[in-house]
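Source file: upload.json (JSON, C-alpha atoms)
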```
[["chain", "number", "residue", "atom", "x", "y", "z"],
["C", 108, "MET", "CA", -3.94, -19.43, 7.58],
["C", 109, "THR", "CA", -2.40, -17.59, 4.65],
["C", 110, "LYS", "CA", -2.89, -13.83, 4.60],
["C", 111, "LYS", "CA", -3.13, -11.91, 1.35],
["C", 112, "VAL", "CA", -1.51, -8.47, 1.27],
["C", 113, "TYR", "CA", -2.24, -6.23, -1.70],
["C", 114, "LEU", "CA", 0.26, -3.40, -2.14],
["C", 115, "ASP", "CA", -0.67, -0.43, -4.27],
["C", 116, "PRO", "CA", 2.25, 1.81, -5.25],
["C", 117, "GLY", "CA", 0.49, 5.12, -5.81],
["C", 118, "HIS", "CA", 0.42, 6.93, -9.14],
["C", 119, "GLY", "CA", 2.31, 5.54, -12.16],
["C", 120, "GLY", "CA", 2.52, 6.03, -15.91],
["C", 121, "SER", "CA", 1.21, 9.45, -16.92],
["C", 122, "ASP", "CA", 0.49, 10.32, -13.25],
["C", 123, "PRO", "CA", 3.82, 11.09, -11.56],
["C", 124, "GLY", "CA", 2.36, 12.18, -8.22],
["C", 125, "ALA", "CA", 4.48, 14.68, -6.30],
["C", 126, "ILE", "CA", 7.65, 15.87, -8.00],
["C", 127, "GLY", "CA", 10.53, 17.61, -6.28],
["C", 128, "HIS", "CA", 14.28, 17.55, -5.71],
["C", 129, "GLY", "CA", 14.71, 15.38, -8.81],
["C", 130, "LEU", "CA", 12.35, 12.71, -7.43],
["C", 131, "ARG", "CA", 8.97, 11.47, -8.62],
["C", 132, "GLU", "CA", 6.47, 9.98, -6.19],
["C", 133, "LYS", "CA", 5.47, 7.22, -8.63],
["C", 134, "ASP", "CA", 9.07, 5.91, -8.73],
["C", 135, "LEU", "CA", 9.53, 5.98, -4.97],
["C", 136, "THR", "CA", 6.20, 4.32, -4.20],
["C", 137, "LEU", "CA", 7.00, 1.49, -6.64],
["C", 138, "LYS", "CA", 10.40, 0.99, -5.03],
["C", 139, "ILE", "CA", 8.85, 0.96, -1.54],
["C", 140, "ALA", "CA", 6.15, -1.52, -2.61],
["C", 141, "LYS", "CA", 8.68, -3.91, -4.17],
["C", 142, "TYR", "CA", 10.88, -3.71, -1.07],
["C", 143, "THR", "CA", 7.85, -4.35, 1.16],
["C", 144, "ARG", "CA", 6.77, -7.32, -0.99],
["C", 145, "ASP", "CA", 10.23, -8.87, -0.80],
["C", 146, "TYR", "CA", 10.50, -8.23, 2.93],
["C", 147, "LEU", "CA", 7.15, -9.85, 3.67],
["C", 148, "LEU", "CA", 7.86, -12.88, 1.47],
["C", 149, "ASN", "CA", 11.35, -13.38, 2.90],
["C", 150, "ASN", "CA", 10.48, -12.89, 6.57],
["C", 151, "TYR", "CA", 6.98, -14.30, 7.05],
["C", 152, "GLN", "CA", 5.35, -17.62, 6.37],
["C", 153, "ASP", "CA", 1.79, -17.95, 5.15],
["C", 154, "VAL", "CA", 1.69, -14.64, 3.30],
["C", 155, "GLN", "CA", 0.90, -13.91, -0.33],
["C", 156, "VAL", "CA", 1.62, -10.52, -1.81],
["C", 157, "ARG", "CA", 0.29, -8.90, -4.96],
["C", 158, "LEU", "CA", 1.10, -5.45, -6.35],
["C", 159, "SER", "CA", -1.33, -3.29, -8.32],
["C", 160, "ARG", "CA", 1.58, -2.49, -10.64],
["C", 161, "THR", "CA", 5.17, -3.71, -10.98],
["C", 162, "THR", "CA", 6.22, -1.28, -13.70],
["C", 163, "ASP", "CA", 5.65, 2.38, -14.53],
["C", 164, "VAL", "CA", 2.05, 2.10, -15.75],
["C", 165, "PHE", "CA", -1.12, 3.90, -14.72],
["C", 166, "VAL", "CA", -3.81, 1.77, -13.10],
["C", 167, "SER", "CA", -7.09, 3.47, -12.24],
["C", 168, "LEU", "CA", -8.27, 3.52, -8.64],
["C", 169, "GLY", "CA", -11.29, 1.44, -9.64],
["C", 170, "ASN", "CA", -9.09, -1.23, -11.21],
["C", 171, "ARG", "CA", -6.74, -1.29, -8.22],
["C", 172, "THR", "CA", -9.51, -1.82, -5.69],
["C", 173, "ARG", "CA", -11.42, -4.25, -7.92],
["C", 174, "ASP", "CA", -8.30, -6.38, -8.38],
["C", 175, "ALA", "CA", -7.65, -6.42, -4.63],
["C", 176, "ASN", "CA", -11.24, -7.41, -3.88],
["C", 177, "ASN", "CA", -11.38, -10.05, -6.62],
["C", 178, "TRP", "CA", -8.13, -11.55, -5.35],
["C", 179, "GLY", "CA", -9.59, -11.70, -1.84],
["C", 180, "ALA", "CA", -7.01, -9.45, -0.20],
["C", 181, "ASP", "CA", -7.03, -9.33, 3.59],
["C", 182, "VAL", "CA", -5.18, -6.00, 3.50],
["C", 183, "LEU", "CA", -4.83, -3.32, 0.85],
["C", 184, "ALA", "CA", -2.03, -0.83, 1.47],
["C", 185, "SER", "CA", -1.89, 2.10, -0.93],
["C", 186, "ILE", "CA", 1.52, 3.75, -0.73],
["C", 187, "HIS", "CA", 1.90, 7.49, -1.24],
["C", 188, "ILE", "CA", 4.38, 10.15, -0.22],
["C", 189, "ASN", "CA", 2.75, 13.28, 1.12],
["C", 190, "ALA", "CA", 4.49, 16.37, -0.18],
["C", 191, "ALA", "CA", 1.96, 19.20, 0.09],
["C", 192, "THR", "CA", 3.14, 21.96, 2.38],
["C", 193, "SER", "CA", -0.29, 22.78, 3.76],
["C", 194, "SER", "CA", -2.60, 19.77, 3.62],
["C", 195, "ALA", "CA", -0.97, 16.35, 3.23],
["C", 196, "THR", "CA", 2.20, 16.04, 5.26],
["C", 197, "GLY", "CA", 3.59, 13.35, 7.50],
["C", 198, "TYR", "CA", 2.30, 9.80, 7.91],
["C", 199, "GLU", "CA", -1.36, 8.84, 7.60],
["C", 200, "ASP", "CA", -3.23, 5.58, 7.57],
["C", 201, "PHE", "CA", -6.89, 5.04, 6.91],
["C", 202, "ILE", "CA", -9.38, 2.23, 6.94],
["C", 203, "TRP", "CA", -12.58, 2.06, 4.92],
["C", 204, "ASN", "CA", -15.16, 4.27, 6.57],
["C", 205, "GLY", "CA", -17.90, 1.63, 6.44],
["C", 206, "THR", "CA", -18.45, -1.23, 8.85],
["C", 207, "VAL", "CA", -15.15, -2.93, 9.70],
["C", 208, "SER", "CA", -14.20, -5.51, 12.29],
["C", 209, "GLN", "CA", -12.29, -4.82, 15.46],
["C", 210, "ASN", "CA", -9.47, -6.92, 13.95],
["C", 211, "THR", "CA", -9.22, -4.37, 11.14],
["C", 212, "ARG", "CA", -9.04, -1.51, 13.63],
["C", 213, "ASN", "CA", -6.42, -3.38, 15.67],
["C", 214, "LEU", "CA", -4.31, -3.97, 12.55],
["C", 215, "GLN", "CA", -4.52, -0.29, 11.63],
["C", 216, "ASN", "CA", -3.42, 0.72, 15.13],
["C", 217, "THR", "CA", -0.53, -1.76, 15.09],
["C", 218, "ILE", "CA", 0.72, -0.63, 11.69],
["C", 219, "HIS", "CA", 0.38, 3.02, 12.68],
["C", 220, "ALA", "CA", 2.37, 2.52, 15.89],
["C", 221, "GLU", "CA", 5.14, 0.68, 14.03],
["C", 222, "MET", "CA", 5.36, 3.28, 11.25],
["C", 223, "ILE", "CA", 5.59, 6.13, 13.73],
["C", 224, "LYS", "CA", 8.65, 4.47, 15.31]]
```

Starting from the coordinates I provided, produce the structure as structure tokens.
Amino acid sequence: MTKKVYLDPGHGGSDPGAIGHGLREKDLTLKIAKYTRDYLLNNYQDVQVRLSRTTDVFVSLGNRTRDANNWGADVLASIHINAATSSATGYEDFIWNGTVSQNTRNLQNTIHAEMIK
């Protein structure tokens, strides 16, 4: 069964995200999302991948999630780079705080364990 993975490179366009050391979060998240897309397509069968943006444009959160839902995504991964010194640092992953299946929780735990490595 084909799985649909929706990758959302955070920020974009007029929203640069975190800026520091000559880097902009929006550029890095787009690069990471494109690399992830290519990796998934080149290394796994039965996977489709869509990105919320493939260029430096701003897409609202509502449009990103609506597109993922309308496409029928099995997974939506929104990519960000935490840069705050006091609140958002390190790696985080979240799942929707409503009713989700145990499969969703298992996938979150698997991804988290792999990312921490």

Could you list, as a PDB file with C-alpha atoms, keeping the file's coordinate frame, every residue within 12 Å of Trp203 of chain C, counting only C-alpha atoms and ignoring same-chain residues fewer than 3 positions away?
```pdb
ATOM      1  CA  THR C 172      -9.510  -1.820  -5.690  1.00  0.00           C
ATOM      2  CA  VAL C 182      -5.180  -6.000   3.500  1.00  0.00           C
ATOM      3  CA  LEU C 183      -4.830  -3.320   0.850  1.00  0.00           C
ATOM      4  CA  ALA C 184      -2.030  -0.830   1.470  1.00  0.00           C
ATOM      5  CA  ASP C 200      -3.230   5.580   7.570  1.00  0.00           C
ATOM      6  CA  THR C 206     -18.450  -1.230   8.850  1.00  0.00           C
ATOM      7  CA  VAL C 207     -15.150  -2.930   9.700  1.00  0.00           C
ATOM      8  CA  SER C 208     -14.200  -5.510  12.290  1.00  0.00           C
ATOM      9  CA  THR C 211      -9.220  -4.370  11.140  1.00  0.00           C
ATOM     10  CA  ARG C 212      -9.040  -1.510  13.630  1.00  0.00           C
ATOM     11  CA  GLN C 215      -4.520  -0.290  11.630  1.00  0.00           C
TER      12      GLN C 215
END
```

- Query: From the list C:Ala191, C:Ser121, C:Arg157, C:His219, which residue is nearest Asn177 of chain C when using all atoms listed in the file?
  - Reply: C:Arg157

Select from segment 186-215 of chain C every residue with an atom at most 10 Å from any atom of segment 130-140 of chain C, then for each give the shortest pair of atoms and their distance in Å to one decimal, using all atoms listed in the file, rows by chain and rising number, as JSON lines.
```
{"residue": "C:Ile186", "atom": "CA", "partner": "C:Thr136", "partner_atom": "CA", "distance": 5.9}
{"residue": "C:His187", "atom": "CA", "partner": "C:Thr136", "partner_atom": "CA", "distance": 6.1}
{"residue": "C:Ile188", "atom": "CA", "partner": "C:Glu132", "partner_atom": "CA", "distance": 6.3}
{"residue": "C:Asn189", "atom": "CA", "partner": "C:Glu132", "partner_atom": "CA", "distance": 8.8}
{"residue": "C:Ala190", "atom": "CA", "partner": "C:Glu132", "partner_atom": "CA", "distance": 9.0}
```

- Task: For His118 of chain C, please output as a PyMOL selection string all residues within 8 Å (counting only C-alpha atoms; exclusion window: fewer than 3 positions along the same chain).
- Result: chain C and resi 122-124+132-133+165-166

Write the selection just made, keeping C-alpha atoms, as a PDB file, in the frame of the given file?
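Ended up saving to selection-v2.pdb:
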```
ATOM      1  CA  ASP C 122       0.490  10.320 -13.250  1.00  0.00           C
ATOM      2  CA  PRO C 123       3.820  11.090 -11.560  1.00  0.00           C
ATOM      3  CA  GLY C 124       2.360  12.180  -8.220  1.00  0.00           C
ATOM      4  CA  GLU C 132       6.470   9.980  -6.190  1.00  0.00           C
ATOM      5  CA  LYS C 133       5.470   7.220  -8.630  1.00  0.00           C
ATOM      6  CA  PHE C 165      -1.120   3.900 -14.720  1.00  0.00           C
ATOM      7  CA  VAL C 166      -3.810   1.770 -13.100  1.00  0.00           C
TER       8      VAL C 166
END
```

- Message: With distances taken over all atoms listed in the file, which residue among C:Asn176, C:Asn149, C:Asn170, C:Gln155 lies nearest Val112 of chain C?
- Response: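 Among C:Asn176, C:Asn149, C:Asn170, C:Gln155, it is C:Gln155 that comes nearest to Val112 of chain C.
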
For the structure just given, write the atoms of segment 138-157 of chain C, namely C-alpha atoms, as a PDB file, in the first residue's frame.
```pdb
ATOM      1  CA  LYS C 138      16.923  22.197   1.586  1.00  0.00           C
ATOM      2  CA  ILE C 139      16.186  19.548   4.249  1.00  0.00           C
ATOM      3  CA  ALA C 140      12.704  18.896   2.825  1.00  0.00           C
ATOM      4  CA  LYS C 141      14.017  18.465  -0.726  1.00  0.00           C
ATOM      5  CA  TYR C 142      16.765  16.130   0.494  1.00  0.00           C
ATOM      6  CA  THR C 143      14.208  14.127   2.498  1.00  0.00           C
ATOM      7  CA  ARG C 144      11.867  13.917  -0.514  1.00  0.00           C
ATOM      8  CA  ASP C 145      14.656  12.656  -2.756  1.00  0.00           C
ATOM      9  CA  TYR C 146      15.868  10.181  -0.140  1.00  0.00           C
ATOM     10  CA  LEU C 147      12.408   8.712   0.380  1.00  0.00           C
ATOM     11  CA  LEU C 148      11.703   8.433  -3.354  1.00  0.00           C
ATOM     12  CA  ASN C 149      15.105   6.883  -4.104  1.00  0.00           C
ATOM     13  CA  ASN C 150      15.184   4.410  -1.223  1.00  0.00           C
ATOM     14  CA  TYR C 151      11.603   3.273  -0.652  1.00  0.00           C
ATOM     15  CA  GLN C 152       8.951   1.732  -2.825  1.00  0.00           C
ATOM     16  CA  ASP C 153       5.281   2.592  -2.506  1.00  0.00           C
ATOM     17  CA  VAL C 154       5.811   6.136  -1.247  1.00  0.00           C
ATOM     18  CA  GLN C 155       4.549   9.415  -2.652  1.00  0.00           C
ATOM     19  CA  VAL C 156       5.940  12.698  -1.408  1.00  0.00           C
ATOM     20  CA  ARG C 157       4.544  16.204  -1.692  1.00  0.00           C
TER      21      ARG C 157
END
```
